[in-house]
Amino acid sequence: MPDPNGASPLKRQSARLTEGDDRAGARAMLRAIGFTREDLSKPLIGVGHSWIETMPCNFNHRRLAEKVKAGIRAAGGTPMEFNTIAVSDGVSMGTEGMKASLVSREVIADSIELVTRGHLFDGLVLIVGCDKTIPAAVMALVRINIPGLALYSGTIAAGRHRGRDITLMDVFEAVGAVAAGKMGADELREVEENACPGAGACGGQFTANTMSTAIEFLGISPAGANDIPALDPHKDDVAEQAGRLVMDLIARDVRPRQIVTRAALENAIASVAATGGSTNGVLHLLAIAREAGVPLTIDDVERVAARTPVVASLKPGGAYVAKDLHDAGGIALVAQRLNEGGLINGAARTVDGRTMAQVAAAAVETPGQKVVTVLDKPLKPTGGLAILRGNLAPEGCVVKLAGHERLMHRGPARVFDSEEAAFAAVEARQIKAGDVVVIRYEGPVGGPGMREMLAVTGALVGEGLGDSVALITDGRFSGATHGLMVGHIAPEAARGGAIAAIQDGDTVAIDVAKRQLNLELPEAEIARRLKAWRPPEPRYPTGVFAKYAALVSSASEGAITRPPR
């Protein structure tokens with residue numbers, strides 16, 4: 001029934017904010033910004049983004065927000081732009097600042113929720129870019145559960161160095177090459193100056209592009225929108241269309257939890273596995289599932305990844321960058337391959353109203369493209385990651401399988417209680433072939449914040465040790481990491497996990513085929529060491545890190561924050 005004051009019946013939330021004589025004060029304040037009575041009679045749509053001058057990843061968000069807002073207005077809504085924070089993994093990598101990265105995911109989700117609940121928006125379009133903004137936005141969408149969608153702002157173009165494409169990963173590996181005497185400082189400067197040519201998130205299938213792919217498979221992003229590069233003129237067009245689409249979602253009253261189902265989450269896991277994506281995808285999809293109230297465990301991740309072949313040759317495990325995937329046929333082409341093999345649930349719905357099967361069927365493959373292979377000739381027969389257990393990880397851990405061929409490593413532990421200590425040892429060339437580098441007290445509580453170890457892993461690869469050493473940690477890896485690296489070990493050291501019991505020289509065995517990670521000691525000896533173990537003093541006794549450490553769950557549960565039990 002139409003409102004007698006002319007307000008839209010689609011103002012399911014915002015009518016309480018703007019309608020009635022008692023809301024005159026609110027309307028007066030909004031008029032000061034420039035909103036008219038007609039504007040306020042329409043559905044109010046939050047347009048959230050994380051524009052910030054600390055990275056290239058989100059630098060086009062303001063421009064895209066204007067296009068989204070134009071689409072909303074054209075479709076009969078009133079947009080209200082707001083912004084949240086972001087922390088750059090690439091910029092902060094290897095410093096204390098990296099501890100803020102995963103914490104920022106929770107802060108971003110919380111801030112979106114606070115603005116949305118505080119201003120009673122009827123719908124949301126969330127523009128996302130760098131790593132943590134993507135899962136944070138989807139966590140907020142399913143938590144609030146009003147009509148909305150997420151739009152990825154796009155990948156950066158590949159850099160060029162001496163006739164080949166390069167990405168940020170190449171810069172970190174060049175640092176190791178300089179330390180090993182394999183590259184001069186002048187060439188390192190060339191790599192540094194050419195790796196990141198403009199706005200957009202890191203160009204390989206690192207965490208940002210992994211999650212961009214995943215949320216399109218999840219159905220919460222408009223199909224075909226995310227793989228368009230940041231500076232492609234067509235990005236403006238899909239932003240405008242996203243603004244129109246949110247009004248359609250409101251009209252149909254389609255809520256995020258209707259999209260983010262168990263089937264959709266398994267489709268998203270398959271996309272991570274099929275593209276050799278970042279192990280961070282595991283952490284973030286588990287977090288999204290918990291916010292959506294969908295039962296999902298790391299064992300489900302293992303089951304889906306084990307049946308999914310790697311079909312996209314994307315850096316760091318493959319040869320191409322995200323723009324190449326777009327040129328080849330896009331994310332939809334990967335969906336087409338997986339749907340042909342019955343490896344995704346084609347009936348899962350997307351925000352644009354189509355099923356994943358319809359999205360896959362509409363994919364157009366560029367003749368002669370070499371980025372996405374056919375199902376009967378996969379790059380690897382099973383997905384780009386696996387879940388291991390064993391006496392070092394009874395709650396599980398994640399190993400990345402793309403970018404190397406080793407499935408077994410057994411060697412002496414080199415134990416470090418921080419990333420800095422490990423990096424110093426690598427730089428001093430104290431790590432030898434056969435070693436297992438152990439970095440602990442970098443988990444969700446111990447860090448706090450699960451720093452990524454790209455500085456260490458990149459330096460190891462740059463020194464030529466990528467194929468002869470292994471690394472295990474209760475922290476995380478960058479999506480740019482490759483080599484035999486095991487992360488997210490749970491329970492973590494700070495919570496008395498067995499990784500806290502390892503001593504220098506102990507033998508650690510990684511057996512991917514058997515899905516095992518073990519410390520080769522009698523269980524009685526491990527128990528004796530843990531009985532004598534005492535938790536370290538918190539690194540941050542007050543402030544946001546202390547709050548996070550007090551509330552964060554295990555990595556095996558997505559490292560989400562939750563009220564104390």
# chains A, B, ... in the order shown; residues from 1 in each chain; ligands from 1
>>> select_by_dssp(residues="region 258-454 of chain A", states="strand (DSSP E)", output="list of chain:residue names")
A:Leu385, A:Ala386, A:Ile387, A:Leu388, A:Gly396, A:Cys397, A:Val398, A:Val399, A:Lys400, A:Met408, A:His409, A:Arg410, A:Gly411, A:Pro412, A:Ala413, A:Arg414, A:Val415, A:Phe416, A:Val436, A:Val437, A:Val438, A:Ile439
>>> residues_around(residues="region 79-89 of chain A", least_positions_apart="2", cutoff="6 Å", atoms="only C-alpha atoms", output="NGL selection string")
:A and (44-50 or 69 or 91-93 or 101)
>>> write_last_selection(atoms="C-alpha atoms", output="PDB file, in the first residue's frame")
ATOM      1  CA  LEU A  44      18.219   4.712   1.053  1.00  0.00           C
ATOM      2  CA  ILE A  45      21.140   2.690  -0.296  1.00  0.00           C
ATOM      3  CA  GLY A  46      24.509   2.596   1.417  1.00  0.00           C
ATOM      4  CA  VAL A  47      27.422   2.740  -1.019  1.00  0.00           C
ATOM      5  CA  GLY A  48      30.418   1.629   1.003  1.00  0.00           C
ATOM      6  CA  HIS A  49      34.047   1.516  -0.059  1.00  0.00           C
ATOM      7  CA  SER A  50      37.575   1.689   1.296  1.00  0.00           C
ATOM      8  CA  LYS A  69      25.358   6.114  -7.185  1.00  0.00           C
ATOM      9  CA  VAL A  91      52.940  -2.367   1.909  1.00  0.00           C
ATOM     10  CA  SER A  92      52.969  -3.600   5.518  1.00  0.00           C
ATOM     11  CA  MET A  93      54.454  -7.036   4.723  1.00  0.00           C
ATOM     12  CA  SER A 101      45.801  -6.807   8.237  1.00  0.00           C
TER      13      SER A 101
END
>>> closest_atom_pairs(of="region 245-284 of chain A", to="region 380-383 of chain A", cutoff="10 Å", atoms="only C-alpha atoms", output="tab-separated table")
residue	atom	partner	partner_atom	distance
A:Ile269	CA	A:Gly383	CA	9.6
A:Ala270	CA	A:Gly383	CA	7.8
A:Ser271	CA	A:Gly383	CA	9.2
A:Val272	CA	A:Gly383	CA	8.0
A:Ala273	CA	A:Gly383	CA	4.2
A:Ala274	CA	A:Gly383	CA	5.6
A:Thr275	CA	A:Gly383	CA	8.1
A:Gly276	CA	A:Gly383	CA	6.9
A:Gly277	CA	A:Gly383	CA	9.2
>>> atom_distance(atom1="CA of Gly458 (chain A)", atom2="CA of Thr155 (chain A)")
21.2 Å
>>> closest_atom_pairs(of="region 288-313 of chain A", to="region 317-339 of chain A", cutoff="10 Å", atoms="only C-alpha atoms", output="CSV")
residue,atom,partner,partner_atom,distance
A:Thr308,CA,A:Leu338,CA,8.0
A:Pro309,CA,A:Leu338,CA,8.7
A:Val310,CA,A:Val334,CA,9.9
A:Val311,CA,A:Val334,CA,7.3
A:Ala312,CA,A:Val334,CA,7.3
A:Ser313,CA,A:Gly318,CA,4.2
>>> residues_around(residues="region 391-406 of chain A", least_positions_apart="6", cutoff="6 Å", atoms="only C-alpha atoms", output="PDB file with N, CA and C atoms, in the first residue's frame")
ATOM      1  N   GLY A 276      44.266 -22.336  -8.393  1.00  0.00           N
ATOM      2  CA  GLY A 276      45.526 -22.299  -7.648  1.00  0.00           C
ATOM      3  C   GLY A 276      45.593 -21.102  -6.737  1.00  0.00           C
ATOM      4  N   GLY A 317      51.445 -19.883  -9.070  1.00  0.00           N
ATOM      5  CA  GLY A 317      51.714 -21.253  -9.479  1.00  0.00           C
ATOM      6  C   GLY A 317      51.754 -21.445 -10.974  1.00  0.00           C
ATOM      7  N   GLY A 384      44.405 -26.760  -5.786  1.00  0.00           N
ATOM      8  CA  GLY A 384      45.655 -26.122  -5.423  1.00  0.00           C
ATOM      9  C   GLY A 384      45.925 -26.000  -3.950  1.00  0.00           C
ATOM     10  N   LEU A 385      45.149 -26.675  -3.107  1.00  0.00           N
ATOM     11  CA  LEU A 385      45.398 -26.649  -1.676  1.00  0.00           C
ATOM     12  C   LEU A 385      44.888 -27.939  -1.045  1.00  0.00           C
ATOM     13  N   HIS A 482      54.696 -19.318  -2.994  1.00  0.00           N
ATOM     14  CA  HIS A 482      54.717 -20.645  -3.593  1.00  0.00           C
ATOM     15  C   HIS A 482      55.906 -21.418  -3.044  1.00  0.00           C
ATOM     16  N   GLY A 483      55.876 -22.723  -3.234  1.00  0.00           N
ATOM     17  CA  GLY A 483      56.805 -23.612  -2.558  1.00  0.00           C
ATOM     18  C   GLY A 483      56.032 -24.434  -1.541  1.00  0.00           C
ATOM     19  N   MET A 485      54.783 -24.850   1.607  1.00  0.00           N
ATOM     20  CA  MET A 485      54.550 -23.991   2.759  1.00  0.00           C
ATOM     21  C   MET A 485      53.241 -24.412   3.431  1.00  0.00           C
ATOM     22  N   VAL A 486      53.278 -24.584   4.748  1.00  0.00           N
ATOM     23  CA  VAL A 486      52.119 -25.027   5.512  1.00  0.00           C
ATOM     24  C   VAL A 486      51.757 -23.937   6.515  1.00  0.00           C
ATOM     25  N   GLY A 487      50.530 -23.443   6.463  1.00  0.00           N
ATOM     26  CA  GLY A 487      50.110 -22.369   7.351  1.00  0.00           C
ATOM     27  C   GLY A 487      48.840 -22.693   8.110  1.00  0.00           C
ATOM     28  N   HIS A 488      48.430 -21.728   8.942  1.00  0.00           N
ATOM     29  CA  HIS A 488      47.186 -21.827   9.713  1.00  0.00           C
ATOM     30  C   HIS A 488      47.214 -23.013  10.685  1.00  0.00           C
ATOM     31  N   ILE A 489      48.390 -23.406  11.167  1.00  0.00           N
ATOM     32  CA  ILE A 489      48.473 -24.560  12.072  1.00  0.00           C
ATOM     33  C   ILE A 489      47.657 -24.290  13.331  1.00  0.00           C
ATOM     34  N   ALA A 490      46.772 -25.233  13.650  1.00  0.00           N
ATOM     35  CA  ALA A 490      45.881 -25.075  14.798  1.00  0.00           C
ATOM     36  C   ALA A 490      45.836 -26.360  15.616  1.00  0.00           C
ATOM     37  N   ALA A 498      50.886 -27.934  19.661  1.00  0.00           N
ATOM     38  CA  ALA A 498      52.138 -28.706  19.645  1.00  0.00           C
ATOM     39  C   ALA A 498      53.270 -27.996  18.923  1.00  0.00           C
ATOM     40  N   ILE A 499      52.955 -27.021  18.071  1.00  0.00           N
ATOM     41  CA  ILE A 499      54.026 -26.268  17.408  1.00  0.00           C
ATOM     42  C   ILE A 499      54.877 -25.548  18.450  1.00  0.00           C
ATOM     43  N   LEU A 517      50.884 -33.842   8.992  1.00  0.00           N
ATOM     44  CA  LEU A 517      51.974 -32.981   9.444  1.00  0.00           C
ATOM     45  C   LEU A 517      52.333 -33.432  10.851  1.00  0.00           C
ATOM     46  N   ASN A 518      53.545 -33.964  11.005  1.00  0.00           N
ATOM     47  CA  ASN A 518      53.894 -34.577  12.291  1.00  0.00           C
ATOM     48  C   ASN A 518      55.271 -34.154  12.783  1.00  0.00           C
TER      49      ASN A 518
END
>>> residues_around(residues="region 145-149 of chain A", least_positions_apart="3", cutoff="7 Å", atoms="only C-alpha atoms", output="ChimeraX atom specification")
/A:122-126,141-142,220-221,246,249-250,253-257
>>> closest_residue(among="A:Leu188, A:Ile298, A:Val436, A:Ile560", to="Asp467 (chain A)", atoms="only C-alpha atoms")
A:Val436
>>> residues_around(residues="Leu530 (chain A)", least_positions_apart="6", cutoff="10 Å", atoms="only C-alpha atoms", output="count of residues only")
8
>>> closest_residue(among="A:His119, A:Arg73, A:Lys132, A:Lys182", to="Asn58 (chain A)", atoms="only C-alpha atoms")
A:Lys132
>>> closest_residue(among="A:Gly77, A:Gly353, A:Gly25, A:Pro412", to="Thr507 (chain A)", atoms="only C-alpha atoms")
A:Pro412
>>> residues_around(residues="Ala424 (chain A)", least_positions_apart="2", cutoff="12 Å", atoms="only C-alpha atoms", output="list of chain:residue names")
A:Gly94, A:Gly176, A:Ala179, A:Phe416, A:Ser418, A:Glu419, A:Glu420, A:Ala421, A:Ala422, A:Val426, A:Glu427, A:Ala428, A:Arg429, A:Gln430, A:Ile431, A:Ala455, A:Val456, A:Ala459, A:Leu460
>>> closest_residue(among="A:Asp186, A:Ala174, A:Gly198, A:Glu192", to="Gly464 (chain A)", atoms="only C-alpha atoms")
A:Ala174
>>> atom_distance(atom1="CA of Met408 (chain A)", atom2="CA of Leu388 (chain A)")
12.1 Å
>>> closest_residue(among="A:Phe206, A:Phe423, A:Phe35, A:Trp51", to="Thr279 (chain A)", atoms="only C-alpha atoms")
A:Phe206
>>> select_by_dssp(residues="region 384-457 of chain A", states="alpha helix (DSSP H)", output="list in words")
Glu419, Glu420, Ala421, Ala422, Phe423, Ala424, Ala425, Val426, Glu427, Leu454, Ala455, Val456 and Thr457 of chain A
>>> write_last_selection(atoms="N, CA, C and O atoms", output="PDB file, in the first residue's frame")
ATOM      1  N   GLU A 419      58.376 -13.676  12.886  1.00  0.00           N
ATOM      2  CA  GLU A 419      58.726 -13.563  11.468  1.00  0.00           C
ATOM      3  C   GLU A 419      60.052 -12.843  11.295  1.00  0.00           C
ATOM      4  O   GLU A 419      60.869 -13.216  10.440  1.00  0.00           O
ATOM      5  N   GLU A 420      60.293 -11.795  12.090  1.00  0.00           N
ATOM      6  CA  GLU A 420      61.534 -11.038  11.956  1.00  0.00           C
ATOM      7  C   GLU A 420      62.759 -11.911  12.183  1.00  0.00           C
ATOM      8  O   GLU A 420      63.753 -11.804  11.459  1.00  0.00           O
ATOM      9  N   ALA A 421      62.689 -12.783  13.192  1.00  0.00           N
ATOM     10  CA  ALA A 421      63.828 -13.657  13.483  1.00  0.00           C
ATOM     11  C   ALA A 421      64.086 -14.611  12.321  1.00  0.00           C
ATOM     12  O   ALA A 421      65.241 -14.868  11.955  1.00  0.00           O
ATOM     13  N   ALA A 422      63.008 -15.119  11.725  1.00  0.00           N
ATOM     14  CA  ALA A 422      63.170 -16.021  10.579  1.00  0.00           C
ATOM     15  C   ALA A 422      63.755 -15.284   9.390  1.00  0.00           C
ATOM     16  O   ALA A 422      64.653 -15.793   8.705  1.00  0.00           O
ATOM     17  N   PHE A 423      63.268 -14.074   9.120  1.00  0.00           N
ATOM     18  CA  PHE A 423      63.755 -13.315   7.963  1.00  0.00           C
ATOM     19  C   PHE A 423      65.240 -12.978   8.135  1.00  0.00           C
ATOM     20  O   PHE A 423      66.015 -13.052   7.169  1.00  0.00           O
ATOM     21  N   ALA A 424      65.632 -12.636   9.365  1.00  0.00           N
ATOM     22  CA  ALA A 424      67.049 -12.329   9.612  1.00  0.00           C
ATOM     23  C   ALA A 424      67.920 -13.543   9.323  1.00  0.00           C
ATOM     24  O   ALA A 424      69.016 -13.426   8.750  1.00  0.00           O
ATOM     25  N   ALA A 425      67.440 -14.732   9.690  1.00  0.00           N
ATOM     26  CA  ALA A 425      68.207 -15.953   9.430  1.00  0.00           C
ATOM     27  C   ALA A 425      68.298 -16.242   7.936  1.00  0.00           C
ATOM     28  O   ALA A 425      69.347 -16.675   7.439  1.00  0.00           O
ATOM     29  N   VAL A 426      67.208 -15.976   7.215  1.00  0.00           N
ATOM     30  CA  VAL A 426      67.226 -16.181   5.760  1.00  0.00           C
ATOM     31  C   VAL A 426      68.206 -15.201   5.119  1.00  0.00           C
ATOM     32  O   VAL A 426      69.034 -15.576   4.278  1.00  0.00           O
ATOM     33  N   GLU A 427      68.124 -13.946   5.521  1.00  0.00           N
ATOM     34  CA  GLU A 427      69.021 -12.925   4.952  1.00  0.00           C
ATOM     35  C   GLU A 427      70.487 -13.250   5.243  1.00  0.00           C
ATOM     36  O   GLU A 427      71.366 -12.986   4.402  1.00  0.00           O
ATOM     37  N   LEU A 454      55.218 -13.447   3.401  1.00  0.00           N
ATOM     38  CA  LEU A 454      55.749 -13.305   2.045  1.00  0.00           C
ATOM     39  C   LEU A 454      57.197 -12.836   2.041  1.00  0.00           C
ATOM     40  O   LEU A 454      57.975 -13.239   1.181  1.00  0.00           O
ATOM     41  N   ALA A 455      57.564 -11.988   2.987  1.00  0.00           N
ATOM     42  CA  ALA A 455      58.958 -11.536   3.020  1.00  0.00           C
ATOM     43  C   ALA A 455      59.899 -12.722   3.194  1.00  0.00           C
ATOM     44  O   ALA A 455      60.939 -12.810   2.541  1.00  0.00           O
ATOM     45  N   VAL A 456      59.521 -13.670   4.071  1.00  0.00           N
ATOM     46  CA  VAL A 456      60.362 -14.843   4.310  1.00  0.00           C
ATOM     47  C   VAL A 456      60.302 -15.804   3.132  1.00  0.00           C
ATOM     48  O   VAL A 456      61.327 -16.248   2.616  1.00  0.00           O
ATOM     49  N   THR A 457      59.076 -16.142   2.695  1.00  0.00           N
ATOM     50  CA  THR A 457      58.952 -17.120   1.609  1.00  0.00           C
ATOM     51  C   THR A 457      59.527 -16.576   0.308  1.00  0.00           C
ATOM     52  O   THR A 457      60.169 -17.301  -0.453  1.00  0.00           O
TER      53      THR A 457
END
>>> decode(residues="region 286-299 of chain A", atoms="N, CA, C and O atoms", output="tab-separated table (two decimals), in the first residue's frame")
chain	number	residue	atom	x	y	z
A	286	LEU	N	35.58	-19.78	5.46
A	286	LEU	CA	35.10	-20.29	6.75
A	286	LEU	C	34.47	-19.16	7.58
A	286	LEU	O	33.43	-19.34	8.23
A	287	ALA	N	35.08	-17.98	7.53
A	287	ALA	CA	34.55	-16.84	8.28
A	287	ALA	C	33.20	-16.41	7.72
A	287	ALA	O	32.26	-16.13	8.48
A	288	ILE	N	33.08	-16.35	6.40
A	288	ILE	CA	31.81	-15.97	5.77
A	288	ILE	C	30.73	-16.98	6.14
A	288	ILE	O	29.59	-16.61	6.46
A	289	ALA	N	31.07	-18.26	6.10
A	289	ALA	CA	30.10	-19.30	6.43
A	289	ALA	C	29.59	-19.13	7.86
A	289	ALA	O	28.38	-19.25	8.12
A	290	ARG	N	30.49	-18.83	8.79
A	290	ARG	CA	30.05	-18.66	10.16
A	290	ARG	C	29.16	-17.44	10.33
A	290	ARG	O	28.18	-17.47	11.07
A	291	GLU	N	29.47	-16.37	9.64
A	291	GLU	CA	28.60	-15.19	9.71
A	291	GLU	C	27.23	-15.47	9.10
A	291	GLU	O	26.21	-14.92	9.53
A	292	ALA	N	27.20	-16.34	8.08
A	292	ALA	CA	25.94	-16.67	7.41
A	292	ALA	C	25.16	-17.75	8.13
A	292	ALA	O	24.02	-18.05	7.75
A	293	GLY	N	25.76	-18.35	9.16
A	293	GLY	CA	25.09	-19.43	9.87
A	293	GLY	C	25.05	-20.73	9.11
A	293	GLY	O	24.18	-21.57	9.34
A	294	VAL	N	26.01	-20.92	8.17
A	294	VAL	CA	26.07	-22.14	7.36
A	294	VAL	C	27.16	-23.05	7.91
A	294	VAL	O	28.32	-22.63	8.00
A	295	PRO	N	26.84	-24.28	8.29
A	295	PRO	CA	27.88	-25.20	8.78
A	295	PRO	C	28.89	-25.49	7.67
A	295	PRO	O	28.53	-25.94	6.59
A	296	LEU	N	30.15	-25.21	7.93
A	296	LEU	CA	31.23	-25.47	6.97
A	296	LEU	C	32.51	-25.64	7.77
A	296	LEU	O	32.80	-24.83	8.65
A	297	THR	N	33.27	-26.69	7.47
A	297	THR	CA	34.51	-26.95	8.19
A	297	THR	C	35.68	-27.07	7.21
A	297	THR	O	35.48	-27.18	5.99
A	298	ILE	N	36.88	-27.10	7.77
A	298	ILE	CA	38.04	-27.28	6.90
A	298	ILE	C	38.03	-28.66	6.23
A	298	ILE	O	38.64	-28.84	5.18
A	299	ASP	N	37.34	-29.61	6.81
A	299	ASP	CA	37.23	-30.92	6.15
A	299	ASP	C	36.38	-30.82	4.88
A	299	ASP	O	36.62	-31.54	3.91
